[in-house]
Amino acid sequence: MSEKKEPSVLDGFKAFLMRGNVVDLAVAVVIGAAFTNIVNSVVKGVINPLVGAIGTKNLDSYSSCVKGPCEKAADGTYTSGVMILWGSVLGATLSFVITAAVVYFLMVLPMSKYLARQEARRKAKEGAHEIIEVTELEVLKEIRDELVAQRGSGRNEP
């Protein structure tokens, strides 16, 4: 009897790392991190100045005092009152929406259109094969019927 060798932990870890999903995920994280810098630059260089045309260029400066009086210390912290810093939430929301829009319009939408075209081509090829098979089947049935008719007519003749 031969004993089956148990895979080592190192072998299992190596197999885990070599899976396609792990490598794809690592690439996605690296690309996502680089893409974040682009989006942040767009927000700081384009969106914030557009908002600045209406108000201030720094969205973080937008805030509301809920429970006053709100007094700000020299270091930027609030010494009294309750401040809602909705400008930073607005900036983060704009960054998210821009990121989602770019990912959707530059990656998801073209890829889904490409996959739909590939699927349509595949179905068209399958449909063409089915039409040929059905047509061949019909031709074979007609040949069979013709042969049966010829044999039947040949047997009736003396």
# chains A, B, ... in the order shown; residues from 1 in each chain; ligands from 1
>>> closest_atom_pairs(of="segment 85-152 of chain A", to="segment 19-43 of chain A", cutoff="12 Å", atoms="only C-alpha atoms", output="CSV")
residue,atom,partner,partner_atom,distance
A:Leu90,CA,A:Val43,CA,11.2
A:Gly91,CA,A:Val43,CA,7.9
A:Ala92,CA,A:Val43,CA,9.4
A:Thr93,CA,A:Val43,CA,10.6
A:Leu94,CA,A:Val43,CA,7.5
A:Ser95,CA,A:Val43,CA,6.4
A:Phe96,CA,A:Val39,CA,8.8
A:Val97,CA,A:Val39,CA,10.0
A:Ile98,CA,A:Val39,CA,7.1
A:Thr99,CA,A:Val39,CA,6.3
A:Ala100,CA,A:Val39,CA,10.1
A:Ala101,CA,A:Val39,CA,10.7
A:Val102,CA,A:Val39,CA,9.0
A:Val103,CA,A:Phe35,CA,9.7
>>> select_by_dssp(residues="segment 64-100 of chain A", states="helix (DSSP H, G or I)", output="PyMOL selection string")
chain A and resi 86-100
>>> closest_residue(among="A:Glu136, A:Glu126, A:Asp145, A:Asp60", to="Ile84 of chain A", atoms="only C-alpha atoms")
A:Asp60
>>> atom_distance(atom1="atom CA of Ala120 of chain A", atom2="atom CA of Val108 of chain A")
18.1 Å
>>> select_by_dssp(residues="segment 52-134 of chain A", states="strand (DSSP E)", output="MDAnalysis selection string")
chainID A and resid 64:72 78:84
